[in-house]
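Coordinates as given in final.cif (mmCIF, C-alpha atoms):
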```cif
data_my_file
#
loop_
_atom_site.label_atom_id
_atom_site.label_comp_id
_atom_site.auth_asym_id
_atom_site.auth_seq_id
_atom_site.Cartn_x
_atom_site.Cartn_y
_atom_site.Cartn_z
CA MET J 13 -47.91 -57.11 -12.04
CA SER J 14 -45.36 -55.68 -14.46
CA VAL J 15 -41.61 -55.57 -13.84
CA ARG J 16 -41.86 -51.82 -13.43
CA ASP J 17 -44.53 -52.20 -10.75
CA ARG J 18 -42.36 -54.71 -8.88
CA LEU J 19 -39.46 -52.24 -8.84
CA VAL J 20 -41.40 -49.42 -7.12
CA VAL J 21 -40.80 -50.66 -3.56
CA PRO J 22 -37.07 -51.45 -4.08
CA VAL J 23 -36.50 -48.06 -5.73
CA LEU J 24 -38.26 -46.16 -2.96
CA GLY J 25 -36.49 -48.28 -0.33
CA LEU J 26 -33.08 -47.61 -1.90
CA GLY J 27 -33.91 -43.91 -2.00
CA GLN J 28 -34.67 -43.97 1.72
CA ILE J 29 -31.39 -45.76 2.51
CA VAL J 30 -29.39 -43.12 0.61
CA ALA J 31 -31.46 -40.22 1.97
CA PHE J 32 -31.10 -41.28 5.61
CA ALA J 33 -27.44 -42.26 5.24
CA SER J 34 -26.58 -38.87 3.73
CA SER J 35 -28.57 -36.74 6.19
CA TYR J 36 -29.72 -38.17 9.55
CA TYR J 37 -26.75 -40.52 9.89
CA LEU J 38 -24.06 -38.60 8.02
CA LEU J 39 -22.63 -36.40 10.75
CA GLY J 40 -22.27 -39.26 13.20
CA ILE J 41 -19.16 -40.13 11.15
CA LEU J 42 -18.24 -36.85 9.42
CA ALA J 43 -18.73 -34.23 12.17
CA ASP J 44 -15.37 -34.76 13.89
CA PRO J 45 -13.18 -34.67 10.74
CA MET J 46 -15.18 -31.71 9.44
CA ALA J 47 -14.67 -29.82 12.70
CA GLN J 48 -10.94 -30.62 12.74
CA ALA J 49 -10.52 -29.45 9.16
CA PHE J 50 -11.95 -26.02 9.93
CA GLY J 51 -10.87 -25.69 13.56
CA LEU J 52 -14.45 -25.76 14.81
CA PRO J 53 -15.93 -27.47 17.87
CA PRO J 54 -18.14 -30.43 16.83
CA THR J 55 -21.07 -28.75 18.59
CA ARG J 56 -21.04 -26.08 15.85
CA ILE J 57 -21.58 -28.76 13.20
CA PHE J 58 -24.44 -30.31 15.14
CA ALA J 59 -25.99 -26.88 15.66
CA ALA J 60 -26.16 -26.60 11.86
CA LEU J 61 -27.80 -30.04 11.75
CA SER J 62 -30.39 -28.78 14.23
CA ILE J 63 -31.09 -25.90 11.85
CA ALA J 64 -31.55 -28.49 9.10
CA PHE J 65 -34.17 -30.28 11.21
CA LEU J 66 -35.90 -26.98 11.90
CA ILE J 67 -35.98 -26.16 8.18
CA SER J 68 -37.41 -29.62 7.56
CA ALA J 69 -40.14 -29.08 10.16
CA ILE J 70 -41.10 -25.71 8.68
CA LEU J 71 -41.19 -26.97 5.08
CA THR J 72 -42.93 -30.32 5.68
CA PRO J 73 -46.54 -28.95 5.43
CA THR J 74 -45.61 -27.22 2.17
CA ALA J 75 -44.06 -30.45 0.93
CA GLY J 76 -47.32 -32.26 1.65
CA ARG J 77 -49.30 -29.76 -0.43
CA TRP J 78 -46.71 -30.05 -3.20
CA ILE J 79 -47.17 -33.83 -3.26
CA GLU J 80 -50.93 -33.38 -3.66
CA GLN J 81 -50.45 -30.94 -6.53
CA CYS J 82 -47.61 -32.58 -8.44
CA GLY J 83 -47.32 -36.18 -7.29
CA GLY J 84 -44.68 -38.02 -5.29
CA ARG J 85 -42.43 -38.79 -8.27
CA HIS J 86 -41.97 -35.09 -9.05
CA VAL J 87 -41.26 -34.20 -5.42
CA LEU J 88 -38.77 -37.07 -4.96
CA ILE J 89 -36.82 -35.96 -8.04
CA TRP J 90 -36.42 -32.50 -6.53
CA ALA J 91 -35.59 -34.03 -3.14
CA HIS J 92 -32.66 -35.98 -4.56
CA LEU J 93 -31.46 -32.81 -6.29
CA ALA J 94 -31.71 -30.87 -3.01
CA PHE J 95 -29.75 -33.53 -1.10
CA ALA J 96 -27.05 -33.60 -3.79
CA CYS J 97 -26.72 -29.80 -3.84
CA ALA J 98 -26.32 -29.63 -0.05
CA LEU J 99 -23.71 -32.41 -0.08
CA LEU J 100 -21.75 -30.78 -2.88
CA VAL J 101 -21.77 -27.44 -1.04
CA MET J 102 -20.32 -29.24 1.97
CA ALA J 103 -17.72 -31.08 -0.13
CA THR J 104 -16.46 -27.89 -1.79
CA ALA J 105 -16.68 -25.57 1.24
CA ALA J 106 -13.58 -23.41 1.62
CA VAL J 107 -14.64 -21.57 4.79
CA PRO J 108 -16.61 -22.69 7.87
CA LEU J 109 -19.69 -20.59 7.02
CA ILE J 110 -20.20 -22.38 3.69
CA LEU J 111 -19.83 -25.77 5.37
CA LEU J 112 -22.46 -24.87 7.96
CA VAL J 113 -24.79 -23.57 5.25
CA GLY J 114 -24.43 -26.87 3.39
CA VAL J 115 -25.30 -28.86 6.51
CA SER J 116 -28.33 -26.65 7.13
CA VAL J 117 -29.57 -26.99 3.54
CA LEU J 118 -29.85 -30.75 4.09
CA GLY J 119 -33.15 -29.81 5.74
CA VAL J 120 -34.67 -28.96 2.34
CA GLY J 121 -34.05 -32.49 1.13
CA MET J 122 -35.22 -33.98 4.43
CA SER J 123 -38.55 -32.17 4.20
CA THR J 124 -39.31 -33.70 0.78
CA GLY J 125 -37.23 -36.87 0.48
CA LEU J 126 -37.86 -39.00 3.55
CA TYR J 127 -40.60 -41.46 4.50
CA GLY J 128 -43.56 -39.12 4.17
CA THR J 129 -43.12 -38.56 0.44
CA ALA J 130 -42.29 -42.21 -0.23
CA PHE J 131 -45.42 -43.34 1.61
CA ALA J 132 -47.59 -40.76 -0.16
CA THR J 133 -46.25 -42.02 -3.49
CA LEU J 134 -47.31 -45.56 -2.59
CA VAL J 135 -50.77 -44.30 -1.64
CA GLU J 136 -51.01 -42.60 -5.05
CA ILE J 137 -50.24 -45.93 -6.71
CA HIS J 138 -52.07 -48.44 -4.47
CA GLY J 139 -54.64 -46.38 -2.59
CA ALA J 140 -56.04 -48.18 0.46
CA LYS J 141 -53.98 -51.28 -0.41
CA ALA J 142 -50.66 -49.51 0.16
CA ARG J 143 -50.08 -50.82 3.71
CA ARG J 144 -47.88 -53.80 2.77
CA SER J 145 -45.81 -51.68 0.42
CA ILE J 146 -45.37 -48.99 3.06
CA THR J 147 -44.18 -51.61 5.54
CA ALA J 148 -41.70 -52.98 3.00
CA VAL J 149 -40.26 -49.54 2.24
CA SER J 150 -39.92 -48.74 5.94
CA LEU J 151 -38.07 -52.02 6.51
CA ILE J 152 -35.65 -51.31 3.67
CA GLY J 153 -35.19 -47.68 4.71
CA ALA J 154 -34.23 -48.79 8.23
CA LEU J 155 -30.93 -49.95 6.73
CA GLY J 156 -29.91 -46.31 6.21
CA GLY J 157 -27.90 -46.32 9.41
CA GLY J 158 -26.67 -49.90 9.21
CA LEU J 159 -25.19 -49.35 5.76
CA GLY J 160 -24.61 -45.60 5.90
CA TRP J 161 -22.32 -45.45 8.92
CA PRO J 162 -19.89 -48.21 7.79
CA ILE J 163 -19.81 -46.90 4.21
CA SER J 164 -19.13 -43.34 5.36
CA ARG J 165 -16.44 -44.56 7.78
CA LEU J 166 -14.76 -46.61 5.03
CA ILE J 167 -14.68 -43.63 2.66
CA VAL J 168 -13.35 -41.27 5.34
CA GLU J 169 -10.59 -43.70 6.33
CA THR J 170 -9.66 -44.42 2.70
CA PHE J 171 -9.95 -40.83 1.42
CA ASP J 172 -11.50 -38.03 3.51
CA TRP J 173 -14.82 -36.52 4.51
CA ARG J 174 -15.10 -34.40 1.35
CA VAL J 175 -14.97 -37.52 -0.80
CA ALA J 176 -17.69 -39.07 1.37
CA CYS J 177 -19.95 -36.09 0.64
CA ILE J 178 -19.23 -36.39 -3.09
CA VAL J 179 -19.97 -40.14 -3.08
CA TRP J 180 -23.34 -39.66 -1.41
CA ALA J 181 -24.17 -36.77 -3.77
CA ALA J 182 -23.32 -39.05 -6.70
CA ALA J 183 -25.59 -41.75 -5.28
CA HIS J 184 -28.47 -39.26 -5.30
CA LEU J 185 -27.75 -37.93 -8.80
CA LEU J 186 -26.58 -41.04 -10.65
CA ILE J 187 -28.57 -43.82 -8.97
CA CYS J 188 -31.63 -42.65 -7.07
CA LEU J 189 -32.79 -39.80 -9.30
CA PRO J 190 -32.69 -41.79 -12.60
CA LEU J 191 -34.45 -44.75 -10.97
CA VAL J 192 -37.20 -42.53 -9.59
CA ALA J 193 -37.65 -40.84 -12.96
CA VAL J 194 -37.82 -44.14 -14.88
CA VAL J 195 -39.63 -46.49 -12.48
CA LEU J 196 -42.20 -44.37 -10.64
CA PRO J 197 -45.39 -43.49 -12.54
CA PRO J 198 -45.72 -39.80 -13.47
CA ARG J 199 -48.92 -39.34 -11.48
CA GLY J 200 -51.13 -41.43 -9.26
CA SER J 201 -54.58 -40.69 -7.93
CA ARG J 202 -54.84 -37.29 -6.32
CA LEU J 203 -54.24 -37.33 -2.57
CA THR J 204 -57.06 -35.85 -0.58
CA SER J 205 -57.01 -33.90 2.60
CA SER J 206 -59.65 -33.05 5.12
CA ASP J 207 -61.52 -29.79 4.67
CA SER J 208 -62.35 -29.67 8.38
CA PRO J 209 -60.53 -27.04 10.41
CA VAL J 210 -57.63 -28.29 12.51
CA SER J 211 -58.97 -26.24 15.42
CA SER J 212 -61.90 -28.68 15.71
CA ILE J 213 -59.63 -31.15 17.52
CA ARG J 214 -59.25 -30.45 21.22
CA TRP J 215 -55.89 -30.81 22.94
CA ASP J 216 -57.09 -32.89 25.87
CA ARG J 217 -54.96 -34.92 28.31
CA HIS J 218 -54.67 -37.90 25.98
CA MET J 219 -53.53 -35.74 23.08
CA VAL J 220 -50.83 -34.21 25.29
CA GLN J 221 -49.74 -37.65 26.49
CA LEU J 222 -49.36 -39.04 22.98
CA ALA J 223 -47.60 -35.91 21.73
CA GLY J 224 -45.17 -36.24 24.64
CA VAL J 225 -44.47 -39.88 23.81
CA PHE J 226 -43.78 -39.09 20.15
CA ALA J 227 -41.67 -36.03 20.96
CA GLY J 228 -39.50 -38.01 23.36
CA GLY J 229 -39.07 -40.85 20.90
CA TRP J 230 -38.11 -38.56 18.03
CA MET J 231 -35.67 -36.58 20.17
CA VAL J 232 -33.80 -39.67 21.35
CA SER J 233 -33.88 -41.26 17.90
CA THR J 234 -32.47 -38.11 16.28
CA ALA J 235 -29.80 -37.72 18.97
CA MET J 236 -28.70 -41.34 18.52
CA ALA J 237 -28.70 -41.02 14.72
CA ALA J 238 -26.34 -38.05 14.97
CA HIS J 239 -24.12 -39.16 17.86
CA LEU J 240 -24.17 -42.94 18.33
CA PRO J 241 -20.77 -43.72 16.70
CA ARG J 242 -19.12 -40.90 18.67
CA LEU J 243 -20.85 -42.04 21.86
CA LEU J 244 -19.61 -45.61 21.36
CA VAL J 245 -16.05 -44.30 20.92
CA GLU J 246 -16.40 -42.46 24.24
CA LEU J 247 -17.44 -45.79 25.78
CA GLY J 248 -14.19 -47.41 24.68
CA LEU J 249 -14.59 -48.65 21.11
CA THR J 250 -12.28 -47.68 18.26
CA PRO J 251 -13.82 -45.51 15.51
CA ALA J 252 -13.99 -48.51 13.14
CA GLN J 253 -15.57 -50.73 15.82
CA ALA J 254 -18.03 -47.96 16.69
CA ALA J 255 -19.15 -47.56 13.07
CA TRP J 256 -19.89 -51.27 12.74
CA ALA J 257 -21.45 -51.52 16.20
CA ALA J 258 -23.68 -48.55 15.43
CA GLY J 259 -24.94 -50.47 12.42
CA LEU J 260 -26.56 -52.88 14.88
CA MET J 261 -29.12 -50.17 15.59
CA ALA J 262 -30.58 -50.42 12.10
CA ALA J 263 -30.48 -54.23 12.11
CA SER J 264 -32.22 -54.27 15.49
CA ALA J 265 -34.88 -51.84 14.24
CA VAL J 266 -35.65 -54.15 11.33
CA ALA J 267 -35.75 -57.16 13.66
CA ALA J 268 -38.14 -55.35 16.01
CA ARG J 269 -40.51 -54.49 13.16
CA LEU J 270 -40.51 -58.08 11.96
CA PHE J 271 -41.09 -59.30 15.53
CA ASP J 272 -44.02 -56.91 15.91
CA LEU J 273 -45.46 -58.08 12.59
CA LEU J 274 -45.20 -61.77 13.48
CA VAL J 275 -45.67 -61.85 17.28
CA LEU J 276 -46.85 -58.54 18.77
CA HIS J 277 -49.40 -57.57 16.12
CA LYS J 278 -52.31 -58.52 18.41
CA SER J 279 -50.86 -57.02 21.58
CA HIS J 280 -52.05 -53.78 23.16
CA PRO J 281 -50.16 -50.89 21.47
CA VAL J 282 -49.69 -49.14 24.83
CA MET J 283 -47.74 -52.18 26.03
CA THR J 284 -45.66 -52.02 22.84
CA VAL J 285 -44.78 -48.39 23.55
CA ARG J 286 -43.85 -49.18 27.13
CA ILE J 287 -41.55 -51.99 26.05
CA ALA J 288 -40.02 -49.72 23.39
CA SER J 289 -39.39 -46.90 25.87
CA LEU J 290 -37.52 -49.18 28.30
CA LEU J 291 -35.14 -50.75 25.78
CA HIS J 292 -32.86 -47.73 25.39
CA PRO J 293 -32.33 -47.31 29.17
CA LEU J 294 -31.70 -51.07 29.43
CA GLY J 295 -29.07 -50.95 26.68
CA ALA J 296 -27.49 -47.83 28.20
CA THR J 297 -27.26 -49.47 31.65
CA MET J 298 -25.58 -52.55 30.24
CA ALA J 299 -23.17 -50.46 28.16
CA VAL J 300 -22.10 -48.39 31.16
CA ALA J 301 -21.79 -51.46 33.39
CA GLY J 302 -19.87 -53.57 30.87
CA GLY J 303 -17.68 -50.92 29.26
CA SER J 304 -16.40 -51.53 25.74
CA ARG J 305 -17.38 -55.23 25.85
CA LEU J 306 -21.08 -54.45 26.19
CA ALA J 307 -21.14 -51.02 24.51
CA PRO J 308 -22.74 -52.44 21.31
CA LEU J 309 -25.80 -53.35 23.39
CA LEU J 310 -26.62 -49.63 23.49
CA ALA J 311 -27.11 -49.73 19.71
CA VAL J 312 -29.18 -52.93 20.01
CA GLY J 313 -31.45 -51.47 22.71
CA GLN J 314 -31.95 -48.21 20.81
CA GLY J 315 -32.67 -50.04 17.55
CA LEU J 316 -35.19 -52.42 19.11
CA GLY J 317 -36.98 -49.59 20.88
CA ASN J 318 -37.02 -47.35 17.82
CA GLY J 319 -38.35 -50.15 15.62
CA LEU J 320 -41.23 -50.95 17.99
CA LEU J 321 -42.05 -47.28 18.51
CA SER J 322 -42.20 -46.63 14.76
CA VAL J 323 -44.93 -49.28 14.50
CA ALA J 324 -46.84 -48.16 17.60
CA SER J 325 -46.82 -44.50 16.58
CA GLY J 326 -49.20 -45.30 13.74
CA VAL J 327 -51.44 -47.68 15.73
CA LEU J 328 -51.71 -45.98 19.11
CA PRO J 329 -53.66 -42.83 18.06
CA LEU J 330 -56.13 -45.05 16.19
CA HIS J 331 -56.48 -47.29 19.25
CA VAL J 332 -57.05 -44.40 21.67
CA PHE J 333 -59.19 -42.05 19.55
CA GLY J 334 -60.69 -44.22 16.86
CA PRO J 335 -60.64 -43.50 13.12
CA ASP J 336 -62.38 -40.09 13.26
CA ARG J 337 -60.05 -37.34 11.97
CA TYR J 338 -57.12 -39.75 12.21
CA ALA J 339 -54.90 -38.05 9.59
CA VAL J 340 -55.32 -34.53 11.00
CA ARG J 341 -54.95 -35.75 14.57
CA GLN J 342 -51.78 -37.65 13.70
CA ALA J 343 -50.29 -34.52 12.11
CA LEU J 344 -51.10 -32.50 15.23
CA LEU J 345 -49.59 -35.14 17.50
CA LEU J 346 -46.33 -35.15 15.55
CA THR J 347 -45.97 -31.37 15.25
CA PRO J 348 -44.25 -30.88 18.65
CA ALA J 349 -41.93 -33.80 17.84
CA ARG J 350 -40.82 -32.24 14.56
CA TYR J 351 -39.78 -29.01 16.27
CA LEU J 352 -38.22 -30.55 19.38
CA GLN J 353 -36.28 -32.89 17.12
CA ALA J 354 -34.45 -29.84 15.78
CA LEU J 355 -32.95 -29.27 19.23
CA ALA J 356 -31.78 -32.83 19.73
CA PRO J 357 -28.41 -32.94 17.89
CA ALA J 358 -27.04 -29.72 19.40
CA ALA J 359 -28.41 -30.38 22.90
CA TYR J 360 -27.14 -33.95 22.97
CA ALA J 361 -23.73 -32.79 21.72
CA VAL J 362 -23.47 -30.58 24.80
CA ALA J 363 -24.37 -33.49 27.08
CA LEU J 364 -21.89 -35.76 25.30
CA ASP J 365 -19.14 -33.15 25.63
CA THR J 366 -19.76 -33.25 29.38
CA SER J 367 -19.42 -37.05 29.52
CA PRO J 368 -20.89 -40.14 27.83
CA HIS J 369 -22.52 -41.09 31.12
CA CYS J 370 -24.24 -37.70 31.32
CA ALA J 371 -25.53 -38.10 27.75
CA LEU J 372 -26.89 -41.58 28.43
CA LEU J 373 -28.53 -40.38 31.63
CA VAL J 374 -30.35 -37.63 29.71
CA SER J 375 -31.63 -39.93 26.94
CA SER J 376 -32.60 -42.65 29.43
CA PHE J 377 -34.64 -40.22 31.54
CA ILE J 378 -36.45 -39.04 28.40
CA CYS J 379 -37.34 -42.65 27.58
CA LEU J 380 -38.53 -43.33 31.12
CA GLY J 381 -40.66 -40.19 30.85
CA MET J 382 -42.21 -41.62 27.69
CA CYS J 383 -43.16 -44.76 29.62
CA ILE J 384 -44.78 -42.68 32.37
CA MET J 385 -46.70 -40.66 29.75
CA THR J 386 -48.57 -43.82 28.67
CA VAL J 387 -50.26 -44.21 32.07
CA GLY J 388 -54.02 -43.93 31.65
CA LEU J 389 -54.04 -44.63 27.93
CA GLY J 390 -56.20 -47.50 26.76
CA ARG J 391 -58.85 -48.46 24.30
CA GLY J 392 -61.31 -45.65 23.99
CA THR J 393 -59.82 -43.58 26.81
CA GLY J 394 -59.59 -40.57 24.58
CA HIS J 395 -62.22 -41.57 22.06
CA HIS J 396 -64.83 -38.90 22.20
CA PRO J 397 -66.81 -36.85 19.72
CA THR J 398 -64.64 -34.23 18.15
CA ALA J 399 -64.90 -31.04 20.15
CA ARG J 400 -64.34 -27.63 18.62
CA THR J 401 -62.00 -25.43 20.58
CA ALA J 402 -62.81 -21.84 21.27
CA THR J 403 -60.97 -19.25 19.27
#
```

Produce structure tokens that represent the structure in this file.
Amino acid sequence: MSVRDRLVVPVLGLGQIVAFASSYYLLGILADPMAQAFGLPPTRIFAALSIAFLISAILTPTAGRWIEQCGGRHVLIWAHLAFACALLVMATAAVPLILLVGVSVLGVGMSTGLYGTAFATLVEIHGAKARRSITAVSLIGALGGGLGWPISRLIVETFDWRVACIVWAAAHLLICLPLVAVVLPPRGSRLTSSDSPVSSIRWDRHMVQLAGVFAGGWMVSTAMAAHLPRLLVELGLTPAQAAWAAGLMAASAVAARLFDLLVLHKSHPVMTVRIASLLHPLGATMAVAGGSRLAPLLAVGQGLGNGLLSVASGVLPLHVFGPDRYAVRQALLLTPARYLQALAPAAYAVALDTSPHCALLVSSFICLGMCIMTVGLGRGTGHHPTARTAT
């Protein structure tokens, strides 16, 4: 294996760290100073972030077709440009409308620059042998919050939020984009897609259950990504302590993935999902009971649960339905999650404005609902010949 081949995973992993830190995790630190600078309520900033998630959900199918036509390297180059443009619009905004537009335009980069494109690029390069590389990139990318929040907090405290936007834009333009252009191969093998109609998959009870589990997980994960530092401050930590404590979420997510790889890899994936769905409520209960002393356990519980769920989300549909139409079925199962995710930052901001206890109660009930949604799932419970729905 050449040096260039060995650099593919680190380059893609670094790109994911920067992409997540400058989008999903950015406003957890920057929303309050942005709102103060323009005299806006923080909920207005998070409403713009919800629009970004909606734009990402709408554009993701188009991004997938673009990857097939042009290759992952080409799409990632444009993704880093899109992220940088949005960040620079935010950094130079003179009026609130321009700031909100910049936040919303982050969705263009999110639709093309996050895990999906990175994983597709690895499949172009390695084909069926891409699994280990995909796991490695996902482990590296999980550091986006752990590194992003403290770095953003340090820049804001040393300079201001506009400088933080400029720094992340520079990371996209001066580090990630050149590395992608130099290290990634121009074109891998053409990705294929099924020619079968999506309507041939029936939305039965098991499909609804799995879609509900994924939607709940994505909503809570997105809400925590946007609000966890602010939530920890409401629980009694200082802003600096909250930024570092929030970083425990990413470290815990990595630890959970490693634990699943080494210990839980032979366990029933339904049990993995149930464990994952209970960890956030457990962390929330301990944080409320222990105040500022135990508040960091909220980040640990969320990170552990999110890490386990990210693994189970790929295994559970295969376990329940078998390999037939797996790719199309997986896309259908995640479609509700992508749209509901767009509501999470703004909705959770409203709950958090009411009280931190109210916010934690909402997210904990969603997680408990996810656990309930797994009842009746098991090997082969939904594995049936593909049935064509009536039109």

Contacts of J:Thr55 at 7 Å (all atoms listed in the file; same-chain gap of 3+ positions) as a list in words
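After dropping sequence-adjacent residues, the list is Phe58, Ala59, Ala358, Ala361 and Val362 of chain J.
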
Go ahead and save the residues from that selection, with C-alpha atoms, as a compact mmCIF listing (two decimals), in the frame of the given file.
```
# COMPACT_ATOMS: atom_id res chain seq x y z
CA PHE J 58 -24.44 -30.31 15.14
CA ALA J 59 -25.99 -26.88 15.66
CA ALA J 358 -27.04 -29.72 19.40
CA ALA J 361 -23.73 -32.79 21.72
CA VAL J 362 -23.47 -30.58 24.80
```

List, as a count of residues only, every residue that the PyMOL selection byres ((chain J and resi 380) around 10) selects in the file provided.
17

Report the closest atom pair, with its distance in Å rounded to one decimal, for each residue of stretch 40-115 of chain J that has an atom no farther than 10 Å from stretch 165-189 of chain J; count only C-alpha atoms, sort by chain and then rising residue number, and write it as JSON lines.
```
{"residue": "J:Gly40", "atom": "CA", "partner": "J:Arg165", "partner_atom": "CA", "distance": 9.6}
{"residue": "J:Ile41", "atom": "CA", "partner": "J:Arg165", "partner_atom": "CA", "distance": 6.2}
{"residue": "J:Leu42", "atom": "CA", "partner": "J:Trp173", "partner_atom": "CA", "distance": 6.0}
{"residue": "J:Ala43", "atom": "CA", "partner": "J:Trp173", "partner_atom": "CA", "distance": 8.9}
{"residue": "J:Asp44", "atom": "CA", "partner": "J:Trp173", "partner_atom": "CA", "distance": 9.6}
{"residue": "J:Pro45", "atom": "CA", "partner": "J:Trp173", "partner_atom": "CA", "distance": 6.7}
{"residue": "J:Met46", "atom": "CA", "partner": "J:Trp173", "partner_atom": "CA", "distance": 6.9}
{"residue": "J:Ala49", "atom": "CA", "partner": "J:Trp173", "partner_atom": "CA", "distance": 9.5}
{"residue": "J:Arg85", "atom": "CA", "partner": "J:Leu189", "partner_atom": "CA", "distance": 9.7}
{"residue": "J:Leu88", "atom": "CA", "partner": "J:Leu189", "partner_atom": "CA", "distance": 7.9}
{"residue": "J:Ile89", "atom": "CA", "partner": "J:Leu189", "partner_atom": "CA", "distance": 5.7}
{"residue": "J:Trp90", "atom": "CA", "partner": "J:Leu189", "partner_atom": "CA", "distance": 8.6}
{"residue": "J:Ala91", "atom": "CA", "partner": "J:Leu189", "partner_atom": "CA", "distance": 8.9}
{"residue": "J:His92", "atom": "CA", "partner": "J:His184", "partner_atom": "CA", "distance": 5.4}
{"residue": "J:Leu93", "atom": "CA", "partner": "J:Leu185", "partner_atom": "CA", "distance": 6.8}
{"residue": "J:Ala94", "atom": "CA", "partner": "J:His184", "partner_atom": "CA", "distance": 9.3}
{"residue": "J:Phe95", "atom": "CA", "partner": "J:Ala181", "partner_atom": "CA", "distance": 7.0}
{"residue": "J:Ala96", "atom": "CA", "partner": "J:Ala181", "partner_atom": "CA", "distance": 4.3}
{"residue": "J:Cys97", "atom": "CA", "partner": "J:Ala181", "partner_atom": "CA", "distance": 7.4}
{"residue": "J:Ala98", "atom": "CA", "partner": "J:Ala181", "partner_atom": "CA", "distance": 8.3}
{"residue": "J:Leu99", "atom": "CA", "partner": "J:Cys177", "partner_atom": "CA", "distance": 5.3}
{"residue": "J:Leu100", "atom": "CA", "partner": "J:Ile178", "partner_atom": "CA", "distance": 6.2}
{"residue": "J:Val101", "atom": "CA", "partner": "J:Cys177", "partner_atom": "CA", "distance": 9.0}
{"residue": "J:Met102", "atom": "CA", "partner": "J:Cys177", "partner_atom": "CA", "distance": 7.0}
{"residue": "J:Ala103", "atom": "CA", "partner": "J:Arg174", "partner_atom": "CA", "distance": 4.5}
{"residue": "J:Thr104", "atom": "CA", "partner": "J:Arg174", "partner_atom": "CA", "distance": 7.4}
{"residue": "J:Ala105", "atom": "CA", "partner": "J:Arg174", "partner_atom": "CA", "distance": 9.0}
```

d(atom CA of J:Ser233, atom CA of J:Ser62) in Å:
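Value for the atom CA of J:Ser233-atom CA of J:Ser62 distance: 13.5 Å.
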
All residues 12 Å or closer to J:Leu244, only C-alpha atoms, same chain fewer than 6 positions away omitted, as JSON, numbers by chain:
{"J": [40, 41, 236, 238, 250, 251, 252, 253, 254, 255, 256, 257, 258, 259, 260, 296, 299, 300, 303, 304, 305, 306, 307, 308, 309, 310, 311, 364, 367, 368, 369, 371, 372]}

Select all residues near (-37.9, -51.6, -8.0) (cut-off 12 Å, inclusive, file coordinates), counting only C-alpha atoms, and output them as an mmCIF file with C-alpha atoms, in the frame of the given file.
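Below is the file result-v5.cif, written as the result:
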```
data_model
loop_
_atom_site.group_PDB
_atom_site.id
_atom_site.type_symbol
_atom_site.label_atom_id
_atom_site.label_comp_id
_atom_site.auth_asym_id
_atom_site.auth_seq_id
_atom_site.Cartn_x
_atom_site.Cartn_y
_atom_site.Cartn_z
ATOM 1 C CA SER J 14 -45.360 -55.680 -14.460
ATOM 2 C CA VAL J 15 -41.610 -55.570 -13.840
ATOM 3 C CA ARG J 16 -41.860 -51.820 -13.430
ATOM 4 C CA ASP J 17 -44.530 -52.200 -10.750
ATOM 5 C CA ARG J 18 -42.360 -54.710 -8.880
ATOM 6 C CA LEU J 19 -39.460 -52.240 -8.840
ATOM 7 C CA VAL J 20 -41.400 -49.420 -7.120
ATOM 8 C CA VAL J 21 -40.800 -50.660 -3.560
ATOM 9 C CA PRO J 22 -37.070 -51.450 -4.080
ATOM 10 C CA VAL J 23 -36.500 -48.060 -5.730
ATOM 11 C CA LEU J 24 -38.260 -46.160 -2.960
ATOM 12 C CA GLY J 25 -36.490 -48.280 -0.330
ATOM 13 C CA LEU J 26 -33.080 -47.610 -1.900
ATOM 14 C CA GLY J 27 -33.910 -43.910 -2.000
ATOM 15 C CA SER J 145 -45.810 -51.680 0.420
ATOM 16 C CA ALA J 148 -41.700 -52.980 3.000
ATOM 17 C CA VAL J 149 -40.260 -49.540 2.240
ATOM 18 C CA ILE J 152 -35.650 -51.310 3.670
ATOM 19 C CA CYS J 188 -31.630 -42.650 -7.070
ATOM 20 C CA LEU J 191 -34.450 -44.750 -10.970
ATOM 21 C CA VAL J 192 -37.200 -42.530 -9.590
ATOM 22 C CA ALA J 193 -37.650 -40.840 -12.960
ATOM 23 C CA VAL J 194 -37.820 -44.140 -14.880
ATOM 24 C CA VAL J 195 -39.630 -46.490 -12.480
ATOM 25 C CA LEU J 196 -42.200 -44.370 -10.640
ATOM 26 C CA PRO J 197 -45.390 -43.490 -12.540
#
```

Using Å and a single decimal, report how far atom CA of J:Phe226 sits from atom CA of J:Leu321.
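Going from atom CA of J:Leu321 over to atom CA of J:Phe226, I get 8.5 Å.
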
Could you pull the residues within 7 Å of J:Ser123, counting only C-alpha atoms, minus those fewer than 5 positions along the same chain, as a PDB file with C-alpha atoms, keeping the file's coordinate frame?
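The new file around35.pdb reads:
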```pdb
ATOM      1  CA  SER J  68     -37.410 -29.620   7.560  1.00  0.00           C
ATOM      2  CA  ALA J  69     -40.140 -29.080  10.160  1.00  0.00           C
ATOM      3  CA  LEU J  71     -41.190 -26.970   5.080  1.00  0.00           C
ATOM      4  CA  THR J  72     -42.930 -30.320   5.680  1.00  0.00           C
ATOM      5  CA  ALA J  75     -44.060 -30.450   0.930  1.00  0.00           C
TER       6      ALA J  75
END
```

Just give me the gap between atom CA of J:Ala235 and atom CA of J:Ala356 in Å, one decimal is fine.
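Taking atom CA of J:Ala235 as the start and atom CA of J:Ala356 as the end point, the length is 5.3 Å.
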
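With only C-alpha atoms as the atoms that count, the minimum distance from J:Ser34 to the choices J:Phe131, J:Trp161, J:Trp78, J:Phe50 is reached by J:Trp161.
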
Which residue is closest to J:Ala154? Choose from J:Ala106, J:Ile70, J:Ala263, J:Met231 and count only C-alpha atoms.
J:Ala263

Nearest-residue call for J:Ala267, choices J:Asn318, J:Gln221, J:Thr347, J:Ser35, using only C-alpha atoms
J:Asn318
